[in-house]
Every structure is written in structure tokens, then in C-alpha cells.
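Dropping query11.csv in here (CSV, C-alpha atoms and all ligand atoms):
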```csv
chain,number,residue,atom,x,y,z
F,1,MET,CA,23.2,-6.9,-83.8
F,2,SER,CA,23.9,-10.5,-82.9
F,3,SER,CA,23.9,-11.4,-79.2
F,4,THR,CA,27.6,-11.5,-78.9
F,5,PRO,CA,29.1,-9.2,-81.6
F,6,TYR,CA,32.8,-9.0,-82.2
F,7,LYS,CA,34.0,-5.8,-80.6
F,8,LEU,CA,36.7,-3.5,-82.0
F,9,LEU,CA,37.9,-0.4,-80.1
F,10,PHE,CA,40.0,2.2,-81.9
F,11,VAL,CA,42.2,4.5,-79.7
F,12,CYS,CA,44.1,7.7,-80.2
F,13,LEU,CA,45.0,10.6,-78.0
F,14,GLY,CA,42.0,13.0,-78.2
F,15,ASN,CA,39.3,10.7,-79.7
F,16,ILE,CA,38.3,13.6,-82.0
F,17,CYS,CA,40.4,12.9,-85.2
F,18,ARG,CA,42.1,9.6,-85.9
F,19,SER,CA,40.1,7.0,-83.8
F,20,PRO,CA,36.6,8.3,-84.7
F,21,SER,CA,37.7,8.2,-88.3
F,22,ALA,CA,38.9,4.6,-87.9
F,23,GLU,CA,35.7,3.7,-86.1
F,24,ASN,CA,33.4,5.1,-88.8
F,25,ILE,CA,35.5,3.8,-91.8
F,26,MET,CA,35.6,0.3,-90.2
F,27,ARG,CA,31.8,0.4,-89.6
F,28,HIS,CA,31.3,1.5,-93.3
F,29,LEU,CA,33.5,-1.4,-94.6
F,30,ILE,CA,31.8,-3.9,-92.3
F,31,ASP,CA,28.3,-2.8,-93.4
F,32,GLU,CA,29.4,-3.0,-97.0
F,33,ALA,CA,30.5,-6.6,-96.4
F,34,GLY,CA,27.1,-7.4,-94.9
F,35,LEU,CA,28.6,-8.1,-91.5
F,36,GLY,CA,27.0,-5.1,-89.6
F,37,ASP,CA,25.0,-7.4,-87.3
F,38,HIS,CA,28.1,-9.1,-86.1
F,39,VAL,CA,30.6,-6.4,-85.3
F,40,LEU,CA,30.5,-3.4,-82.9
F,41,CYS,CA,33.0,-0.5,-83.5
F,42,ASP,CA,33.8,2.1,-80.9
F,43,SER,CA,36.6,4.5,-80.2
F,44,ALA,CA,38.2,6.3,-77.2
F,45,GLY,CA,41.1,8.6,-76.3
F,46,THR,CA,44.0,8.0,-73.9
F,47,SER,CA,43.6,11.6,-72.8
F,48,GLY,CA,40.5,13.3,-71.3
F,49,TYR,CA,41.1,16.6,-73.1
F,50,HIS,CA,38.1,16.5,-75.4
F,51,VAL,CA,35.6,14.3,-73.5
F,52,GLY,CA,32.1,14.8,-74.8
F,53,SER,CA,33.3,16.7,-78.0
F,54,ALA,CA,32.1,15.8,-81.5
F,55,PRO,CA,34.8,14.8,-84.0
F,56,ASP,CA,37.1,17.6,-85.2
F,57,ARG,CA,35.5,19.6,-87.9
F,58,ARG,CA,38.5,19.4,-90.2
F,59,MET,CA,38.6,15.7,-89.8
F,60,ALA,CA,34.8,15.4,-90.5
F,61,ILE,CA,35.3,17.4,-93.8
F,62,ALA,CA,38.1,15.1,-94.9
F,63,ALA,CA,36.1,12.0,-94.0
F,64,ARG,CA,32.9,13.3,-95.8
F,65,ARG,CA,35.0,13.9,-98.9
F,66,GLN,CA,35.5,10.1,-99.0
F,67,GLY,CA,31.9,9.3,-98.2
F,68,ILE,CA,32.2,8.8,-94.5
F,69,GLU,CA,30.1,10.6,-91.9
F,70,LEU,CA,31.8,10.9,-88.6
F,71,VAL,CA,29.5,10.2,-85.7
F,72,GLY,CA,30.1,9.9,-82.0
F,73,HIS,CA,31.5,11.8,-79.1
F,74,SER,CA,34.9,11.7,-77.4
F,75,ARG,CA,35.3,9.4,-74.4
F,76,ARG,CA,38.4,8.4,-72.4
F,77,PHE,CA,39.8,4.9,-72.7
F,78,GLU,CA,39.1,3.0,-69.4
F,79,VAL,CA,40.5,-0.2,-67.9
F,80,ALA,CA,37.1,-1.9,-68.3
F,81,ASP,CA,37.6,-1.6,-72.1
F,82,PHE,CA,40.3,-4.4,-71.9
F,83,GLU,CA,37.6,-6.9,-70.9
F,84,ALA,CA,34.8,-5.5,-73.0
F,85,PHE,CA,36.6,-5.5,-76.4
F,86,ASP,CA,38.1,-8.3,-78.6
F,87,ARG,CA,40.7,-6.1,-80.2
F,88,ILE,CA,42.1,-2.7,-79.3
F,89,LEU,CA,43.7,-0.8,-82.1
F,90,ALA,CA,46.2,1.9,-81.2
F,91,MET,CA,46.8,4.7,-83.8
F,92,ASP,CA,50.4,5.4,-82.8
F,93,ARG,CA,53.2,4.1,-80.6
F,94,SER,CA,52.5,6.6,-77.9
F,95,ASN,CA,48.9,5.5,-77.7
F,96,TYR,CA,50.0,1.9,-77.7
F,97,ARG,CA,52.3,2.5,-74.7
F,98,ASP,CA,49.7,4.5,-72.8
F,99,ILE,CA,47.1,1.8,-73.3
F,100,LEU,CA,49.5,-1.0,-72.2
F,101,ALA,CA,50.5,1.0,-69.1
F,102,LEU,CA,46.9,0.6,-67.9
F,103,ASP,CA,47.1,-3.1,-68.2
F,104,ARG,CA,48.9,-3.7,-64.9
F,105,SER,CA,48.8,-7.5,-65.0
F,106,GLY,CA,49.7,-7.7,-68.7
F,107,GLN,CA,46.9,-10.1,-69.3
F,108,TYR,CA,45.3,-8.1,-72.1
F,109,ALA,CA,48.5,-7.3,-74.1
F,110,ASP,CA,47.6,-9.7,-76.9
F,111,LYS,CA,44.4,-7.7,-77.6
F,112,VAL,CA,46.3,-4.4,-78.1
F,113,MET,CA,47.6,-3.9,-81.7
F,114,MET,CA,49.1,-1.2,-83.9
F,115,MET,CA,46.6,0.0,-86.5
F,116,CYS,CA,49.2,0.5,-89.2
F,117,ASP,CA,50.3,-3.2,-88.9
F,118,PHE,CA,47.2,-3.9,-91.0
F,119,CYS,CA,48.1,-1.6,-93.9
F,120,ARG,CA,48.7,-3.3,-97.2
F,121,GLU,CA,49.6,-0.2,-99.3
F,122,HIS,CA,51.2,2.2,-96.8
F,123,ASN,CA,54.4,1.6,-95.0
F,124,LEU,CA,54.0,3.8,-91.9
F,125,LYS,CA,54.3,2.7,-88.3
F,126,ASP,CA,51.9,5.3,-86.9
F,127,VAL,CA,48.8,7.1,-88.1
F,128,PRO,CA,50.2,10.6,-88.0
F,129,ASP,CA,48.6,13.1,-85.6
F,130,PRO,CA,46.9,15.7,-87.9
F,131,TYR,CA,45.8,18.0,-85.2
F,132,TYR,CA,48.4,20.8,-85.6
F,133,GLY,CA,48.8,20.4,-89.3
F,134,GLY,CA,47.0,21.4,-92.5
F,135,GLU,CA,44.3,19.9,-94.7
F,136,SER,CA,46.6,17.4,-96.4
F,137,GLY,CA,47.3,15.7,-93.0
F,138,PHE,CA,43.6,15.0,-92.5
F,139,ASN,CA,43.2,13.7,-96.0
F,140,ASN,CA,46.2,11.4,-95.5
F,141,VAL,CA,44.7,10.0,-92.3
F,142,ILE,CA,41.6,9.0,-94.2
F,143,ASP,CA,43.6,7.3,-96.9
F,144,LEU,CA,45.8,5.5,-94.4
F,145,LEU,CA,42.8,4.3,-92.4
F,146,PHE,CA,40.9,3.0,-95.4
F,147,ASP,CA,44.0,0.9,-96.1
F,148,ALA,CA,44.4,-0.3,-92.5
F,149,CYS,CA,40.7,-1.0,-92.0
F,150,GLY,CA,40.6,-3.1,-95.1
F,151,GLY,CA,43.5,-5.2,-93.9
F,152,LEU,CA,42.0,-5.5,-90.5
F,153,LEU,CA,38.7,-6.7,-91.9
F,154,ASP,CA,40.5,-9.4,-93.9
F,155,GLU,CA,42.4,-10.4,-90.8
F,156,ILE,CA,39.3,-10.8,-88.6
F,157,ARG,CA,37.0,-12.3,-91.3
F,158,PRO,CA,37.7,-16.0,-90.2
F,159,GLU,CA,36.6,-15.0,-86.6
F,160,LEU,CA,33.5,-13.3,-88.0
F,161,ASP,CA,32.6,-16.2,-90.2
F,162,ALA,CA,32.7,-18.4,-87.0
F,163,ILE,CA,30.1,-16.2,-85.3
F,164,ALA,CA,28.0,-15.0,-88.3
F,201,LIG,P1,43.5,12.6,-82.1
F,201,LIG,O1,44.1,14.1,-82.4
F,201,LIG,O2,44.4,12.0,-81.1
F,201,LIG,O3,43.7,11.9,-83.5
F,201,LIG,O4,42.1,12.8,-81.7
F,201,LIG,C1,44.4,15.0,-81.4
F,201,LIG,C2,43.3,15.7,-80.9
F,201,LIG,C3,43.6,16.7,-79.9
F,201,LIG,C4,44.9,16.9,-79.5
F,201,LIG,C5,46.0,16.2,-80.1
F,201,LIG,C6,45.7,15.2,-81.0
F,201,LIG,N1,45.2,17.9,-78.6
F,201,LIG,O5,46.4,18.2,-78.3
F,201,LIG,O6,44.3,18.6,-78.0
```

Go ahead and express the file in the form of C-alpha cells.
Ligand code: 4NP
Amino acid sequence: MSSTPYKLLFVCLGNICRSPSAENIMRHLIDEAGLGDHVLCDSAGTSGYHVGSAPDRRMAIAARRQGIELVGHSRRFEVADFEAFDRILAMDRSNYRDILALDRSGQYADKVMMMCDFCREHNLKDVPDPYYGGESGFNNVIDLLFDACGGLLDEIRPELDAIA
């Protein structure tokens, strides 16, 4: 890892389904691009419901089917993350609002973005919450996140080239 890596934080509600998937897919694409030394990926949840838990088993199965191993444990998003990360990617509009509500001064608003805004193939505003649904919902999350993470990588590439 370079001394000042570019830092990405993916955020959902529980940090056991969508954001750990985004974190691990993004890390996979970054490693594939040979940029692993220059980017740090992490994830967090706006709720504390699942703090300390491993990723949801159903989500891990869907990810593994696409060649992605989900690693990590749930943690809650904290105010210090605004300063620590370069970009904060919200999985849905509710997550986006909850994150911005913690930025009292509004000084970090430019760092907070909607994950689906980076999609190139899908036309959804939110990464749908798969928690209470069936297997297809988990598979869709993985497809959507591959699309969004690819778009995000292209978007940040000039910034990475500047530090690599
Ligand atoms: P995530 O999914 O936000 O993608 O991790 C959820 C996980 C847990 C719950 C809801 C969504 N829950 O209600 O416990």
C-alpha cells in the first residue's frame, strides 16, 4: 500500500449485504487493474444492528458465484469517516440522507455520492435492499455492483494515475 492511498468507503444500512459486496467487488477490480497498492476499500452501515457480524450468508453465496469472496465484519459509519475517506458511496437514497445528516456543517457533502450514479448498464437509482427477499435479489445486487464499481473505477482513474 502506498503511503497515502486513495480511500473509498461503501455504506448501506446493515453492512452485511450491499456495502461489503461493493467493497470486495471494488477491491477485486482494483487488483485486476494493478492498482491495489494505491486504493483502500472499506465499508460501513448507518445502523448498528449487525456490528461485528460477517457478511450475510446468502449474499456471500451470490458473490462467490461471481468469483468474489466476501471478507470483513460489520461496523457502523462514524463521523470520523468523513475526514478519513476520499469518497463515500451510499447504496440507496435512505443511506445517503442518513450519512449527510451526520455532516452537521455540510463540509463533506461533496464526498458523499450515490453508488448507482456510476452504473453504465443499469438504470436504477438505488441498490435494492435484498435482505427480506429471495435469491434473485442477491444475484441482482452483485450484477448491479459490478456495473457501478466498473464505472466508479473509470471515474477515479485520473486521480489514481496522479498518485500511482
Ligand atoms: P444491507 O442489508 O443494508 O445491504 O446490509 C440489510 C441488512 C440487515 C437489515 C436490513 C438490510 N436488517 O433490517 O436487519

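Between atom CA of Ile142 of chain F and atom CA of Ala63 of chain F lies a distance of 6.3 Å.
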
Point out the residue among F:Ala62, F:Ala80, F:Val112, F:Asp86 with the least atom-to-atom distance to Glu159 of chain F, counting all atoms listed in the file.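 Between F:Ala62, F:Ala80, F:Val112, F:Asp86, the residue approaching Glu159 of chain F most closely is F:Asp86.
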
From the options F:Asp129, F:Asp143, F:Asp110, F:Glu32, which residue's atoms come nearest to Ile16 of chain F, counting all atoms listed in the file?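 Of all the options, F:Asp129 lies closest to Ile16 of chain F.
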
Between atom CA of Gly133 of chain F and atom CA of Leu8 of chain F, what distance in Å does the model show, to one decimal? 27.8 Å

With a distance cut-off of 12 Å and all atoms listed in the file, select the neighbouring residues of Asp147 of chain F, excluding the residue or stretch itself and same-chain residues fewer than 4 positions from it, and output the selection as number ranges by chain. F: 22, 25-26, 29, 115-124, 127, 140-143, 151-154

Give me, as CSV, each residue of chain F that comes within 12 Å of ligand LIG 201 (chain F), together with its shortest interatomic pair and the distance in Å at one decimal, counting all atoms listed in the file, with rows ordered by chain and rising residue number.
```
residue,atom,partner,partner_atom,distance
F:Phe10,CA,F:LIG201,O3,10.5
F:Val11,CA,F:LIG201,O2,7.9
F:Cys12,CA,F:LIG201,O2,4.4
F:Leu13,CA,F:LIG201,O2,3.5
F:Gly14,CA,F:LIG201,O4,3.5
F:Asn15,CA,F:LIG201,O4,4.0
F:Ile16,CA,F:LIG201,O4,3.9
F:Cys17,CA,F:LIG201,O3,3.8
F:Arg18,CA,F:LIG201,O3,3.7
F:Ser19,CA,F:LIG201,O3,6.1
F:Pro20,CA,F:LIG201,O4,7.7
F:Ser21,CA,F:LIG201,O3,8.5
F:Ala22,CA,F:LIG201,O3,9.8
F:Glu23,CA,F:LIG201,O3,11.7
F:Ser43,CA,F:LIG201,O4,10.1
F:Ala44,CA,F:LIG201,O4,8.8
F:Gly45,CA,F:LIG201,O2,6.7
F:Thr46,CA,F:LIG201,O2,8.2
F:Ser47,CA,F:LIG201,O2,8.3
F:Gly48,CA,F:LIG201,O6,9.3
F:Tyr49,CA,F:LIG201,O6,6.2
F:His50,CA,F:LIG201,O6,7.0
F:Val51,CA,F:LIG201,C3,10.5
F:Ser53,CA,F:LIG201,O4,10.3
F:Ala54,CA,F:LIG201,O4,10.4
F:Pro55,CA,F:LIG201,O4,7.9
F:Asp56,CA,F:LIG201,O4,7.8
F:Arg57,CA,F:LIG201,C2,11.2
F:Arg58,CA,F:LIG201,O1,11.0
F:Met59,CA,F:LIG201,O3,9.0
F:Ala60,CA,F:LIG201,O4,11.7
F:His73,CA,F:LIG201,O4,11.0
F:Ser74,CA,F:LIG201,O4,8.5
F:Arg75,CA,F:LIG201,O4,10.5
F:Arg76,CA,F:LIG201,O4,10.9
F:Phe77,CA,F:LIG201,O2,11.9
F:Ala90,CA,F:LIG201,O2,10.3
F:Met91,CA,F:LIG201,O3,7.8
F:Asp92,CA,F:LIG201,O2,9.1
F:Arg93,CA,F:LIG201,O2,11.8
F:Ser94,CA,F:LIG201,O2,10.2
F:Asn95,CA,F:LIG201,O2,8.6
F:Asp126,CA,F:LIG201,O3,11.1
F:Val127,CA,F:LIG201,O3,8.4
F:Pro128,CA,F:LIG201,O3,8.0
F:Asp129,CA,F:LIG201,O3,5.5
F:Pro130,CA,F:LIG201,O1,6.4
F:Tyr131,CA,F:LIG201,C1,5.0
F:Tyr132,CA,F:LIG201,C5,7.6
F:Gly133,CA,F:LIG201,C6,10.3
F:Gly137,CA,F:LIG201,O3,10.8
F:Phe138,CA,F:LIG201,O3,9.5
F:Val141,CA,F:LIG201,O3,9.1
F:Ile142,CA,F:LIG201,O3,11.3
F:Leu145,CA,F:LIG201,O3,11.7
```

Please work out which residues fall within 7 Å of (41.2, -2.9, -74.5), coordinates as given in the file, with all atoms listed in the file counting, and return them as JSON, numbers by chain. {"F": [9, 81, 82, 83, 85, 87, 88, 111, 112]}

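Of the listed residues (F:Arg97, F:Gly134, F:Leu144, F:Ala162), F:Arg97 comes nearest to Ala109 of chain F; the distances count all atoms listed in the file.
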
Å distance separating atom CA of Asp103 of chain F from atom CA of Gly150 of chain F, one decimal place: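 Going from atom CA of Asp103 of chain F over to atom CA of Gly150 of chain F covers 27.7 Å.
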
From F:Met114, F:Val71, F:Leu160, F:Val79, residue lying nearest Tyr96 of chain F [all atoms listed in the file]: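 When distances to Tyr96 of chain F are compared using all atoms listed in the file, the smallest one comes from F:Met114.
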
Mind filling out segment 40-51 of chain F with all heavy atoms and sending it as a short mmCIF file (atom, residue, chain, number, x, y, z; two decimals), keeping the file's coordinate frame?
```
data_model
loop_
_atom_site.label_atom_id
_atom_site.label_comp_id
_atom_site.auth_asym_id
_atom_site.auth_seq_id
_atom_site.Cartn_x
_atom_site.Cartn_y
_atom_site.Cartn_z
N LEU F 40 30.77 -4.73 -83.58
CA LEU F 40 30.50 -3.40 -82.90
C LEU F 40 31.85 -2.65 -82.96
O LEU F 40 32.90 -3.18 -82.58
CB LEU F 40 30.08 -3.69 -81.51
CG LEU F 40 29.61 -2.50 -80.68
CD1 LEU F 40 28.54 -2.95 -79.71
CD2 LEU F 40 30.77 -1.86 -79.93
N CYS F 41 31.78 -1.41 -83.44
CA CYS F 41 33.00 -0.50 -83.50
C CYS F 41 32.77 0.62 -82.53
O CYS F 41 31.70 1.23 -82.48
CB CYS F 41 33.17 0.01 -84.89
SG CYS F 41 33.50 -1.23 -86.14
N ASP F 42 33.83 0.95 -81.80
CA ASP F 42 33.80 2.10 -80.90
C ASP F 42 35.16 2.73 -80.90
O ASP F 42 36.11 2.18 -81.49
CB ASP F 42 33.43 1.56 -79.46
CG ASP F 42 33.04 2.67 -78.50
OD1 ASP F 42 32.92 3.84 -78.92
OD2 ASP F 42 32.88 2.38 -77.30
N SER F 43 35.28 3.89 -80.28
CA SER F 43 36.60 4.50 -80.20
C SER F 43 36.72 5.29 -78.89
O SER F 43 35.72 5.58 -78.22
CB SER F 43 36.82 5.46 -81.40
OG SER F 43 35.90 6.52 -81.39
N ALA F 44 37.97 5.58 -78.51
CA ALA F 44 38.20 6.30 -77.20
C ALA F 44 39.59 6.96 -77.35
O ALA F 44 40.39 6.69 -78.26
CB ALA F 44 38.26 5.22 -76.11
N GLY F 45 39.84 7.85 -76.39
CA GLY F 45 41.10 8.60 -76.30
C GLY F 45 41.86 8.24 -75.06
O GLY F 45 41.24 7.97 -74.03
N THR F 46 43.19 8.28 -75.13
CA THR F 46 44.00 8.00 -73.90
C THR F 46 43.96 9.25 -73.00
O THR F 46 44.20 9.14 -71.81
CB THR F 46 45.42 7.66 -74.25
OG1 THR F 46 45.98 8.70 -75.05
CG2 THR F 46 45.50 6.33 -74.99
N SER F 47 43.69 10.43 -73.57
CA SER F 47 43.60 11.60 -72.80
C SER F 47 42.12 11.98 -72.53
O SER F 47 41.24 11.48 -73.24
CB SER F 47 44.24 12.82 -73.48
OG SER F 47 43.36 13.34 -74.47
N GLY F 48 41.89 12.86 -71.58
CA GLY F 48 40.50 13.30 -71.30
C GLY F 48 40.28 14.71 -71.84
O GLY F 48 39.26 15.32 -71.51
N TYR F 49 41.20 15.22 -72.68
CA TYR F 49 41.10 16.60 -73.10
C TYR F 49 39.80 17.02 -73.76
O TYR F 49 39.36 18.15 -73.63
CB TYR F 49 42.21 16.97 -74.13
CG TYR F 49 43.62 16.68 -73.74
CD1 TYR F 49 44.58 16.39 -74.73
CD2 TYR F 49 44.04 16.73 -72.41
CE1 TYR F 49 45.90 16.13 -74.39
CE2 TYR F 49 45.37 16.47 -72.08
CZ TYR F 49 46.28 16.17 -73.08
OH TYR F 49 47.59 15.92 -72.76
N HIS F 50 39.23 16.10 -74.51
CA HIS F 50 38.10 16.50 -75.40
C HIS F 50 36.83 15.66 -75.05
O HIS F 50 35.94 15.56 -75.91
CB HIS F 50 38.46 16.29 -76.83
CG HIS F 50 39.56 17.18 -77.28
ND1 HIS F 50 39.37 18.49 -77.65
CD2 HIS F 50 40.90 16.96 -77.36
CE1 HIS F 50 40.53 19.04 -77.96
NE2 HIS F 50 41.47 18.13 -77.81
N VAL F 51 36.76 15.11 -73.85
CA VAL F 51 35.60 14.30 -73.50
C VAL F 51 34.29 14.97 -73.78
O VAL F 51 34.11 16.13 -73.39
CB VAL F 51 35.70 13.81 -72.02
CG1 VAL F 51 34.38 13.19 -71.56
CG2 VAL F 51 36.83 12.81 -71.84
#
```
